[in-house]
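For reference, data-v3.tsv (TSV, C-alpha atoms):
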```
chain	number	residue	atom	x	y	z
A	1082	MET	CA	15.78	-15.55	-16.21
A	1083	LYS	CA	15.37	-14.02	-12.79
A	1084	THR	CA	17.47	-14.02	-9.64
A	1085	SER	CA	15.85	-15.69	-6.61
A	1086	LEU	CA	15.88	-13.77	-3.34
A	1087	ASP	CA	14.95	-14.84	0.16
A	1088	PRO	CA	11.51	-13.85	1.49
A	1089	ASN	CA	11.50	-10.25	2.67
A	1090	THR	CA	9.29	-7.15	2.69
A	1091	TRP	CA	10.54	-6.00	-0.68
A	1092	ALA	CA	7.28	-5.39	-2.50
A	1093	LEU	CA	7.07	-1.74	-3.44
A	1094	PRO	CA	6.16	1.03	-3.24
A	1095	SER	CA	4.95	1.33	0.35
A	1096	PRO	CA	3.25	4.49	1.59
A	1097	VAL	CA	4.58	6.79	4.32
A	1098	TRP	CA	1.59	7.32	6.56
A	1099	VAL	CA	1.49	8.95	9.98
A	1100	VAL	CA	-0.87	7.17	12.37
A	1101	GLY	CA	-2.53	9.33	15.05
A	1102	THR	CA	-3.79	7.96	18.38
A	1103	TYR	CA	-4.55	9.02	21.96
A	1104	ASP	CA	-2.98	7.36	24.99
A	1105	LYS	CA	-4.57	6.71	28.41
A	1106	GLU	CA	-3.93	10.30	29.49
A	1107	ASP	CA	-5.46	11.61	26.25
A	1108	LYS	CA	-2.03	12.68	25.03
A	1109	PRO	CA	-1.93	12.68	21.22
A	1110	ASN	CA	0.73	10.51	19.61
A	1111	ILE	CA	1.91	9.90	16.06
A	1112	MET	CA	4.03	7.24	14.44
A	1113	THR	CA	4.98	6.54	10.86
A	1114	ALA	CA	3.80	3.31	9.28
A	1115	ALA	CA	4.82	1.98	5.87
A	1116	TRP	CA	2.72	-1.16	6.16
A	1117	GLY	CA	-0.64	0.28	5.19
A	1118	GLY	CA	-3.11	0.44	2.33
A	1119	ILE	CA	-6.71	0.54	1.20
A	1120	CYS	CA	-8.25	-2.92	1.66
A	1121	ASN	CA	-11.94	-2.51	0.80
A	1122	SER	CA	-14.08	-0.17	-1.31
A	1123	ARG	CA	-17.50	-0.72	0.34
A	1124	PRO	CA	-17.44	0.23	3.11
A	1125	PRO	CA	-14.25	2.18	2.36
A	1126	SER	CA	-11.60	0.66	4.62
A	1127	ILE	CA	-7.91	1.01	5.24
A	1128	TYR	CA	-5.37	-0.92	7.27
A	1129	VAL	CA	-2.13	-0.26	9.08
A	1130	SER	CA	0.08	-3.00	10.55
A	1131	LEU	CA	1.95	-2.17	13.74
A	1132	ARG	CA	4.32	-4.03	16.05
A	1133	GLU	CA	2.93	-4.83	19.48
A	1134	ALA	CA	5.96	-3.07	21.00
A	1135	THR	CA	4.87	0.33	19.71
A	1136	TYR	CA	3.08	2.84	21.91
A	1137	SER	CA	0.47	3.28	19.19
A	1138	TYR	CA	-0.47	-0.41	19.34
A	1139	GLY	CA	-1.76	-0.10	22.90
A	1140	ASN	CA	-3.49	3.15	22.08
A	1141	ILE	CA	-5.39	1.64	19.17
A	1142	MET	CA	-6.31	-1.48	21.14
A	1143	ALA	CA	-7.80	0.76	23.86
A	1144	ARG	CA	-9.54	3.37	21.68
A	1145	LYS	CA	-10.40	1.25	18.62
A	1146	ALA	CA	-9.68	4.24	16.43
A	1147	TYR	CA	-6.85	5.91	14.56
A	1148	THR	CA	-6.25	8.50	11.90
A	1149	VAL	CA	-3.87	8.39	8.96
A	1150	SER	CA	-2.31	11.77	8.18
A	1151	ILE	CA	-0.56	11.70	4.81
A	1152	PRO	CA	2.46	14.01	4.65
A	1153	GLY	CA	3.63	15.71	1.49
A	1154	ASP	CA	7.29	15.32	0.59
A	1155	LYS	CA	8.32	18.56	2.32
A	1156	HIS	CA	7.67	16.77	5.62
A	1157	VAL	CA	9.93	13.79	4.92
A	1158	ARG	CA	12.24	14.55	7.90
A	1159	GLU	CA	9.33	14.83	10.35
A	1160	ALA	CA	7.88	11.59	9.01
A	1161	ASP	CA	11.20	9.82	9.48
A	1162	TYR	CA	11.65	11.15	13.02
A	1163	VAL	CA	8.18	10.16	14.27
A	1164	GLY	CA	8.81	6.65	12.93
A	1165	ILE	CA	11.94	6.31	15.08
A	1166	ALA	CA	11.12	8.08	18.38
A	1167	SER	CA	8.62	6.50	20.81
A	1168	GLY	CA	5.59	8.23	22.30
A	1169	ARG	CA	6.50	6.55	25.59
A	1170	GLU	CA	9.53	8.81	25.88
A	1171	VAL	CA	8.75	11.97	23.99
A	1172	ASP	CA	5.81	14.14	22.95
A	1173	LYS	CA	6.29	13.85	19.21
A	1174	PHE	CA	3.89	16.67	18.37
A	1175	GLU	CA	5.90	18.99	20.60
A	1176	ALA	CA	9.24	17.74	19.25
A	1177	THR	CA	8.21	18.28	15.62
A	1178	ARG	CA	6.08	21.39	16.24
A	1179	LEU	CA	3.28	19.68	14.34
A	1180	SER	CA	-0.25	20.46	15.56
A	1181	PRO	CA	-2.66	17.82	16.87
A	1182	VAL	CA	-6.34	18.27	16.03
A	1183	ARG	CA	-9.07	16.15	17.66
A	1184	SER	CA	-11.16	14.31	15.08
A	1185	GLU	CA	-14.88	14.92	15.47
A	1186	LEU	CA	-15.65	11.53	13.95
A	1187	VAL	CA	-13.29	9.07	15.64
A	1188	ASP	CA	-11.44	8.97	18.96
A	1189	ALA	CA	-8.03	10.00	17.58
A	1190	PRO	CA	-6.01	13.10	16.67
A	1191	TYR	CA	-4.63	14.07	13.27
A	1192	VAL	CA	-1.84	16.33	12.00
A	1193	GLU	CA	-3.07	19.77	10.93
A	1194	GLU	CA	-0.04	20.49	8.70
A	1195	PHE	CA	-0.45	17.40	6.50
A	1196	PRO	CA	-2.68	17.76	3.42
A	1197	LEU	CA	-4.83	14.61	3.57
A	1198	ILE	CA	-6.38	12.92	6.61
A	1199	ILE	CA	-8.22	9.60	6.86
A	1200	GLU	CA	-10.33	9.04	10.01
A	1201	CYS	CA	-10.88	5.39	10.95
A	1202	LYS	CA	-12.76	3.23	13.38
A	1203	VAL	CA	-11.17	-0.19	13.95
A	1204	VAL	CA	-13.40	-3.02	12.74
A	1205	HIS	CA	-10.98	-5.95	12.57
A	1206	VAL	CA	-7.71	-6.85	14.33
A	1207	GLU	CA	-5.52	-9.74	13.23
A	1208	ASN	CA	-2.20	-10.74	14.78
A	1209	LEU	CA	-0.01	-11.92	11.89
A	1210	GLY	CA	3.30	-12.39	13.73
A	1211	LEU	CA	5.60	-9.46	14.40
A	1212	HIS	CA	2.90	-7.11	13.12
A	1213	THR	CA	-0.79	-6.84	13.88
A	1214	LEU	CA	-3.16	-5.75	11.13
A	1215	PHE	CA	-5.69	-3.08	12.11
A	1216	VAL	CA	-8.48	-2.73	9.57
A	1217	GLY	CA	-10.22	0.62	9.96
A	1218	GLU	CA	-13.50	1.62	8.40
A	1219	ILE	CA	-13.07	5.11	6.98
A	1220	LYS	CA	-15.56	7.41	8.71
A	1221	GLY	CA	-14.37	10.67	7.21
A	1222	ILE	CA	-11.68	12.34	5.15
A	1223	LYS	CA	-10.25	15.83	5.55
A	1224	ALA	CA	-8.15	17.65	3.02
A	1225	ASP	CA	-6.57	21.01	2.41
A	1226	GLU	CA	-8.58	22.80	-0.29
A	1227	GLU	CA	-5.45	23.33	-2.41
A	1228	VAL	CA	-4.78	19.59	-2.88
A	1229	LEU	CA	-8.22	18.93	-4.38
A	1230	THR	CA	-9.14	18.84	-8.07
A	1231	ASP	CA	-12.89	18.78	-8.73
A	1232	GLY	CA	-13.37	18.11	-5.02
A	1233	LYS	CA	-11.16	15.00	-4.97
A	1234	PRO	CA	-7.63	14.43	-3.67
A	1235	ASP	CA	-5.06	14.88	-6.44
A	1236	LEU	CA	-1.83	12.92	-6.04
A	1237	GLN	CA	0.19	15.48	-8.01
A	1238	LYS	CA	-0.83	18.19	-5.53
A	1239	ILE	CA	-0.43	16.09	-2.37
A	1240	LYS	CA	3.01	14.76	-3.37
A	1241	PRO	CA	3.01	11.83	-0.93
A	1242	ILE	CA	6.25	10.12	0.04
A	1243	LEU	CA	7.05	6.57	-1.11
A	1244	PHE	CA	9.04	4.10	0.96
A	1245	SER	CA	11.04	1.19	-0.37
A	1246	SER	CA	12.39	-1.35	2.12
A	1247	GLY	CA	14.92	-2.78	-0.36
A	1248	ASP	CA	16.88	0.46	-0.68
A	1249	ARG	CA	15.69	1.80	2.69
A	1250	GLY	CA	14.83	5.08	1.07
A	1251	TYR	CA	12.12	7.67	0.67
A	1252	HIS	CA	11.18	8.68	-2.86
A	1253	SER	CA	9.02	11.38	-4.39
A	1254	VAL	CA	6.23	11.22	-6.94
A	1255	GLY	CA	7.07	11.94	-10.58
A	1256	LEU	CA	4.76	12.70	-13.48
A	1257	ARG	CA	1.19	11.62	-14.14
A	1258	LEU	CA	1.46	8.80	-16.66
A	1259	ALA	CA	-2.11	8.08	-17.78
A	1260	ASP	CA	-5.78	7.96	-16.88
A	1261	ALA	CA	-6.76	4.66	-15.26
A	1262	PHE	CA	-9.52	2.38	-16.61
A	1263	THR	CA	-9.08	3.41	-20.25
A	1264	GLN	CA	-7.26	0.49	-21.93
A	1265	LYS	CA	-10.35	-1.57	-22.69
A	1266	THR	CA	-8.86	-3.56	-25.58
A	1267	PRO	CA	-5.52	-5.36	-25.88
A	1268	LEU	CA	-2.63	-3.26	-27.14
A	1269	LYS	CA	-1.92	-3.49	-30.86
B	729	MET	CA	-8.90	24.53	8.45
B	730	LYS	CA	-9.64	21.53	6.31
B	731	THR	CA	-12.47	20.56	3.98
B	732	SER	CA	-14.48	17.50	5.06
B	733	LEU	CA	-15.08	14.83	2.43
B	734	ASP	CA	-17.29	11.76	2.48
B	735	PRO	CA	-15.66	8.40	3.22
B	736	ASN	CA	-13.97	6.99	0.13
B	737	THR	CA	-10.84	5.09	-0.91
B	738	TRP	CA	-8.82	8.27	-1.26
B	739	ALA	CA	-5.75	7.39	0.78
B	740	LEU	CA	-2.71	7.43	-1.45
B	741	PRO	CA	-0.57	6.30	-3.09
B	742	SER	CA	-1.79	2.80	-3.92
B	743	PRO	CA	0.43	0.31	-5.74
B	744	VAL	CA	-0.28	-1.16	-9.17
B	745	TRP	CA	0.30	-4.85	-8.70
B	746	VAL	CA	-0.52	-7.68	-11.07
B	747	VAL	CA	-1.85	-10.76	-9.28
B	748	GLY	CA	-1.13	-14.14	-10.91
B	749	THR	CA	-3.28	-17.25	-10.37
B	750	TYR	CA	-4.23	-20.54	-12.01
B	751	ASP	CA	-7.82	-21.52	-12.77
B	752	LYS	CA	-9.40	-24.99	-12.62
B	753	GLU	CA	-7.96	-25.91	-16.03
B	754	ASP	CA	-4.52	-24.68	-14.97
B	755	LYS	CA	-4.83	-21.68	-17.28
B	756	PRO	CA	-2.72	-18.78	-15.95
B	757	ASN	CA	-4.56	-15.54	-15.26
B	758	ILE	CA	-3.54	-12.06	-14.20
B	759	MET	CA	-5.43	-9.08	-12.85
B	760	THR	CA	-4.34	-5.71	-11.57
B	761	ALA	CA	-4.97	-4.85	-7.94
B	762	ALA	CA	-4.43	-1.48	-6.31
B	763	TRP	CA	-5.60	-2.62	-2.89
B	764	GLY	CA	-2.43	-4.31	-1.71
B	765	GLY	CA	0.53	-3.83	0.60
B	766	ILE	CA	3.03	-5.36	2.96
B	767	CYS	CA	1.29	-6.23	6.23
B	768	ASN	CA	3.88	-8.07	8.33
B	769	SER	CA	7.66	-8.23	8.57
B	770	ARG	CA	8.08	-11.63	10.31
B	771	PRO	CA	7.10	-13.77	8.56
B	772	PRO	CA	7.22	-11.41	5.59
B	773	SER	CA	3.62	-11.12	4.41
B	774	ILE	CA	1.65	-9.22	1.84
B	775	TYR	CA	-2.03	-8.78	1.09
B	776	VAL	CA	-4.24	-8.09	-1.87
B	777	SER	CA	-7.97	-7.34	-1.62
B	778	LEU	CA	-10.17	-8.60	-4.44
B	779	ARG	CA	-13.88	-8.50	-5.22
B	780	GLU	CA	-15.65	-11.85	-5.08
B	781	ALA	CA	-16.88	-11.23	-8.66
B	782	THR	CA	-13.36	-11.47	-10.09
B	783	TYR	CA	-12.08	-14.63	-11.74
B	784	SER	CA	-8.93	-14.39	-9.60
B	785	TYR	CA	-10.97	-14.59	-6.40
B	786	GLY	CA	-12.16	-18.12	-7.17
B	787	ASN	CA	-8.69	-19.13	-8.32
B	788	ILE	CA	-7.08	-17.98	-5.06
B	789	MET	CA	-9.79	-19.62	-2.95
B	790	ALA	CA	-9.10	-22.93	-4.72
B	791	ARG	CA	-5.29	-22.81	-4.89
B	792	LYS	CA	-4.51	-20.81	-1.74
B	793	ALA	CA	-1.67	-19.13	-3.58
B	794	TYR	CA	-0.92	-16.11	-5.76
B	795	THR	CA	1.97	-14.12	-7.06
B	796	VAL	CA	2.37	-10.35	-7.25
B	797	SER	CA	4.25	-9.23	-10.38
B	798	ILE	CA	5.24	-5.57	-10.10
B	799	PRO	CA	5.33	-3.80	-13.46
B	800	GLY	CA	7.65	-0.93	-14.26
B	801	ASP	CA	6.07	2.19	-15.70
B	802	LYS	CA	6.69	1.15	-19.31
B	803	HIS	CA	3.98	-1.49	-18.81
B	804	VAL	CA	1.28	0.94	-17.62
B	805	ARG	CA	-1.04	0.12	-20.55
B	806	GLU	CA	-0.81	-3.64	-20.01
B	807	ALA	CA	-1.43	-3.14	-16.30
B	808	ASP	CA	-4.53	-1.06	-17.03
B	809	TYR	CA	-5.88	-3.59	-19.55
B	810	VAL	CA	-5.50	-6.65	-17.30
B	811	GLY	CA	-7.35	-4.73	-14.58
B	812	ILE	CA	-10.37	-4.24	-16.86
B	813	ALA	CA	-10.66	-7.48	-18.91
B	814	SER	CA	-11.83	-10.69	-17.20
B	815	GLY	CA	-10.02	-14.03	-17.31
B	816	ARG	CA	-13.44	-15.65	-17.75
B	817	GLU	CA	-13.65	-14.19	-21.25
B	818	VAL	CA	-10.10	-13.73	-22.47
B	819	ASP	CA	-6.62	-15.20	-22.03
B	820	LYS	CA	-4.94	-12.07	-20.74
B	821	PHE	CA	-1.41	-13.42	-21.18
B	822	GLU	CA	-2.15	-14.07	-24.85
B	823	ALA	CA	-3.88	-10.72	-25.31
B	824	THR	CA	-0.97	-8.77	-23.84
B	825	ARG	CA	1.78	-11.08	-25.14
B	826	LEU	CA	3.15	-11.24	-21.62
B	827	SER	CA	4.73	-14.59	-20.65
B	828	PRO	CA	3.47	-16.75	-17.78
B	829	VAL	CA	6.08	-18.61	-15.73
B	830	ARG	CA	5.13	-21.30	-13.20
B	831	SER	CA	6.43	-20.51	-9.72
B	832	GLU	CA	8.48	-23.33	-8.21
B	833	LEU	CA	7.49	-22.23	-4.71
B	834	VAL	CA	3.75	-21.58	-4.84
B	835	ASP	CA	0.88	-22.81	-7.01
B	836	ALA	CA	0.62	-19.72	-9.19
B	837	PRO	CA	2.16	-18.13	-12.30
B	838	TYR	CA	4.03	-14.85	-12.60
B	839	VAL	CA	4.84	-12.39	-15.39
B	840	GLU	CA	8.32	-12.89	-16.85
B	841	GLU	CA	8.54	-9.36	-18.30
B	842	PHE	CA	7.96	-7.56	-14.99
B	843	PRO	CA	11.05	-6.80	-12.90
B	844	LEU	CA	9.97	-7.87	-9.39
B	845	ILE	CA	7.92	-10.90	-8.37
B	846	ILE	CA	6.53	-11.83	-4.94
B	847	GLU	CA	5.43	-15.48	-4.46
B	848	CYS	CA	2.78	-16.02	-1.79
B	849	LYS	CA	0.93	-18.75	0.01
B	850	VAL	CA	-2.42	-17.65	1.45
B	851	VAL	CA	-2.49	-17.81	5.25
B	852	HIS	CA	-5.52	-15.67	6.11
B	853	VAL	CA	-8.72	-14.71	4.30
B	854	GLU	CA	-11.11	-12.05	5.58
B	855	ASN	CA	-14.29	-10.90	3.90
B	856	LEU	CA	-14.53	-7.16	4.57
B	857	GLY	CA	-17.54	-6.29	2.38
B	858	LEU	CA	-17.15	-5.69	-1.33
B	859	HIS	CA	-13.54	-6.83	-1.09
B	860	THR	CA	-11.95	-9.86	0.53
B	861	LEU	CA	-8.50	-9.53	2.05
B	862	PHE	CA	-6.02	-12.28	1.15
B	863	VAL	CA	-2.96	-12.27	3.39
B	864	GLY	CA	-0.13	-14.18	1.75
B	865	GLU	CA	3.06	-15.31	3.41
B	866	ILE	CA	5.94	-14.47	1.09
B	867	LYS	CA	7.72	-17.70	0.17
B	868	GLY	CA	10.10	-16.27	-2.39
B	869	ILE	CA	11.02	-13.21	-4.41
B	870	LYS	CA	12.37	-13.06	-7.94
B	871	ALA	CA	13.94	-10.06	-9.57
B	872	ASP	CA	15.70	-9.05	-12.74
B	873	GLU	CA	19.40	-8.61	-11.97
B	874	GLU	CA	19.38	-5.06	-13.36
B	875	VAL	CA	16.86	-3.74	-10.80
B	876	LEU	CA	18.99	-4.79	-7.81
B	877	THR	CA	21.49	-2.63	-5.91
B	878	ASP	CA	23.70	-4.60	-3.49
B	879	GLY	CA	21.40	-7.57	-4.06
B	880	LYS	CA	18.23	-5.73	-3.02
B	881	PRO	CA	15.36	-4.31	-5.08
B	882	ASP	CA	15.93	-0.63	-5.87
B	883	LEU	CA	12.81	1.47	-6.38
B	884	GLN	CA	14.59	3.89	-8.71
B	885	LYS	CA	15.47	1.01	-11.04
B	886	ILE	CA	12.11	-0.78	-10.84
B	887	LYS	CA	10.09	2.41	-11.46
B	888	PRO	CA	6.79	0.99	-10.15
B	889	ILE	CA	3.50	2.64	-11.06
B	890	LEU	CA	1.42	4.52	-8.47
B	891	PHE	CA	-2.37	4.64	-8.50
B	892	SER	CA	-4.53	7.35	-7.00
B	893	SER	CA	-8.27	6.74	-6.78
B	894	GLY	CA	-9.08	10.43	-6.25
B	895	ASP	CA	-7.77	11.51	-9.64
B	896	ARG	CA	-8.19	8.03	-11.18
B	897	GLY	CA	-4.70	8.21	-12.54
B	898	TYR	CA	-1.41	6.38	-12.79
B	899	HIS	CA	1.71	8.23	-11.75
B	900	SER	CA	5.43	7.58	-11.97
B	901	VAL	CA	8.16	7.65	-9.36
B	902	GLY	CA	10.27	10.80	-9.05
B	903	LEU	CA	13.56	11.33	-7.25
B	904	ARG	CA	15.03	9.64	-4.21
B	905	LEU	CA	14.46	12.07	-1.35
B	906	ALA	CA	16.40	10.66	1.60
B	907	ASP	CA	17.65	7.61	3.45
B	908	ALA	CA	15.07	6.24	5.86
B	909	PHE	CA	15.72	5.74	9.61
B	910	THR	CA	18.24	8.57	9.91
B	911	GLN	CA	16.34	11.42	11.65
B	912	LYS	CA	16.98	10.27	15.21
B	913	THR	CA	16.57	13.66	16.87
B	914	PRO	CA	13.89	16.32	16.43
B	915	LEU	CA	14.53	18.85	13.68
B	916	LYS	CA	16.15	22.09	14.77
```
Rewrite the coordinates I just gave you, this time as structure tokens.
Amino acid sequence: MKTSLDPNTWALPSPVWVVGTYDKEDKPNIMTAAWGGICNSRPPSIYVSLREATYSYGNIMARKAYTVSIPGDKHVREADYVGIASGREVDKFEATRLSPVRSELVDAPYVEEFPLIIECKVVHVENLGLHTLFVGEIKGIKADEEVLTDGKPDLQKIKPILFSSGDRGYHSVGLRLADAFTQKTPLK
Amino acid sequence: MKTSLDPNTWALPSPVWVVGTYDKEDKPNIMTAAWGGICNSRPPSIYVSLREATYSYGNIMARKAYTVSIPGDKHVREADYVGIASGREVDKFEATRLSPVRSELVDAPYVEEFPLIIECKVVHVENLGLHTLFVGEIKGIKADEEVLTDGKPDLQKIKPILFSSGDRGYHSVGLRLADAFTQKTPLK
């Protein structure tokens, strides 16, 4: 028997992703988004959902591109700050001393200090209400060598941050539980 | 200096969510989806992306509804199995001995044994390529009393599973790192 709760954004976990864009003056901006995820395997595609009020929203609408820089858990304070401050009022790269790098593949900057970068070109925009969904086709990925295992991103090395809107908290990654795609028969 | 990788679905973490649907004969089915997330706060909305080849795809197209049942990490094997087997060939509730419950709010079943349930009505469908994005407006949430703190879902109690496509693994949740929305000034 379960307790019924009112509709809310309480599915979990959500990622903590830092979205990189350029504004009209080519100033790089970043903001944290928790409403994001992979949404297609071929072509590999990702989405982030942003409020129209954000500075990043206008930047993405104009440039049709963004990056997702995925911070490790040592950057949880920076990730929280760039999700609160607005690029209209402050240069968030300068404030955090993070370093913007211009993507060679899409018209957007990424964060040099974060271990995994996804470079996206916007292919679909859908206004859903308070948030607008920006589907981005992944044009390239960049990673620090030390977070790769056999040339692929390893979650245990990246240590991404998890967000949960129910407890309004950031959480870390624990242990690796199991290989995926192995339980081909029902459990005994 | 970062290593460049080819486009792939290597953003992380992804959730491990079990999508519940009814088929034409009203048989309940479940499948695991890792391509999912919250995509709007008002109205609260979620998405899952499924391949057209899945049994669940046809079910959702016909019923315009689904649930997301979020397993805790003790159900990692069941979650893996129901992501591999097809509802065309096997009754996955029977095979896993999980219990289907009919949602009172949407035309779909959920998993009684999983601690957090999201009940959704489909409001937008977008074919992106291999996967189709199903945006669902959240009509209700159900939770086990013991995973709530102050009436809200608590990630540390739910212990959801994380998926990472780079290392093809399931991972657990670690510690709570920090309260969100607190770093209002740049770090010193």
Practice item. Would you give me, as a ChimeraX atom specification, the residues of chain B that come within 6 Å of chain A, using all atoms listed in the file? Key: /B:730-737,763,765-768,770,772,777,808-809,823,857-859,866-872,880-882,894-908,911-912,914
Give me a file of those residues, with C-alpha atoms, as a tab-separated table (two decimals), keeping the file's coordinate frame.
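File produced: again.tsv:
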```
chain	number	residue	atom	x	y	z
B	730	LYS	CA	-9.64	21.53	6.31
B	731	THR	CA	-12.47	20.56	3.98
B	732	SER	CA	-14.48	17.50	5.06
B	733	LEU	CA	-15.08	14.83	2.43
B	734	ASP	CA	-17.29	11.76	2.48
B	735	PRO	CA	-15.66	8.40	3.22
B	736	ASN	CA	-13.97	6.99	0.13
B	737	THR	CA	-10.84	5.09	-0.91
B	763	TRP	CA	-5.60	-2.62	-2.89
B	765	GLY	CA	0.53	-3.83	0.60
B	766	ILE	CA	3.03	-5.36	2.96
B	767	CYS	CA	1.29	-6.23	6.23
B	768	ASN	CA	3.88	-8.07	8.33
B	770	ARG	CA	8.08	-11.63	10.31
B	772	PRO	CA	7.22	-11.41	5.59
B	777	SER	CA	-7.97	-7.34	-1.62
B	808	ASP	CA	-4.53	-1.06	-17.03
B	809	TYR	CA	-5.88	-3.59	-19.55
B	823	ALA	CA	-3.88	-10.72	-25.31
B	857	GLY	CA	-17.54	-6.29	2.38
B	858	LEU	CA	-17.15	-5.69	-1.33
B	859	HIS	CA	-13.54	-6.83	-1.09
B	866	ILE	CA	5.94	-14.47	1.09
B	867	LYS	CA	7.72	-17.70	0.17
B	868	GLY	CA	10.10	-16.27	-2.39
B	869	ILE	CA	11.02	-13.21	-4.41
B	870	LYS	CA	12.37	-13.06	-7.94
B	871	ALA	CA	13.94	-10.06	-9.57
B	872	ASP	CA	15.70	-9.05	-12.74
B	880	LYS	CA	18.23	-5.73	-3.02
B	881	PRO	CA	15.36	-4.31	-5.08
B	882	ASP	CA	15.93	-0.63	-5.87
B	894	GLY	CA	-9.08	10.43	-6.25
B	895	ASP	CA	-7.77	11.51	-9.64
B	896	ARG	CA	-8.19	8.03	-11.18
B	897	GLY	CA	-4.70	8.21	-12.54
B	898	TYR	CA	-1.41	6.38	-12.79
B	899	HIS	CA	1.71	8.23	-11.75
B	900	SER	CA	5.43	7.58	-11.97
B	901	VAL	CA	8.16	7.65	-9.36
B	902	GLY	CA	10.27	10.80	-9.05
B	903	LEU	CA	13.56	11.33	-7.25
B	904	ARG	CA	15.03	9.64	-4.21
B	905	LEU	CA	14.46	12.07	-1.35
B	906	ALA	CA	16.40	10.66	1.60
B	907	ASP	CA	17.65	7.61	3.45
B	908	ALA	CA	15.07	6.24	5.86
B	911	GLN	CA	16.34	11.42	11.65
B	912	LYS	CA	16.98	10.27	15.21
B	914	PRO	CA	13.89	16.32	16.43
```
Return as JSON the box centre and box size in Å, one decimal, for an axis-aligned box around all listed atoms of segment 881-900 of chain B padded by 5 Å per side.
```
{"center_x": 3.4, "center_y": 3.6, "center_z": -8.9, "size_x": 35.0, "size_y": 25.8, "size_z": 17.7}
```
Check your understanding: Which distance in Å separates atom CA of Met789 of chain B and atom CA of Ala761 of chain B, to one decimal?
Key -> 16.3 Å
Review point. Taking only C-alpha atoms into account, which of A:His1156, A:Lys1202, A:Arg1169, A:Arg1183 comes nearest Ala1143 of chain A?
Key: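 Checking each candidate against Ala1143 of chain A, we get A:Lys1202 as the closest.
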**Study point:** Length of the atom CA of Gly786 of chain B to atom CA of Tyr838 of chain B vector [Å]
**Key:**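 Separation of atom CA of Gly786 of chain B and atom CA of Tyr838 of chain B: 17.4 Å.
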**Study point:** Residue with smallest distance to Asp1172 of chain A - pool A:Gly1217, A:Asn1110, A:Val1099, A:Val1228, counting all atoms listed in the file
**Key:**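 Nearest candidate to Asp1172 of chain A out of A:Gly1217, A:Asn1110, A:Val1099, A:Val1228: A:Asn1110.
Nearest to Ile788 of chain B of all the residues B:Gly800, B:Ser827, B:Pro756, B:Val839 is B:Pro756, counting all atoms listed in the file.
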Exercise for review: For atom CA of Ala836 of chain B and atom CA of Thr749 of chain B, determine how far apart the two atoms are, in Å to one decimal place.
Suggested key: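 Between these atoms lies a distance of 4.8 Å.
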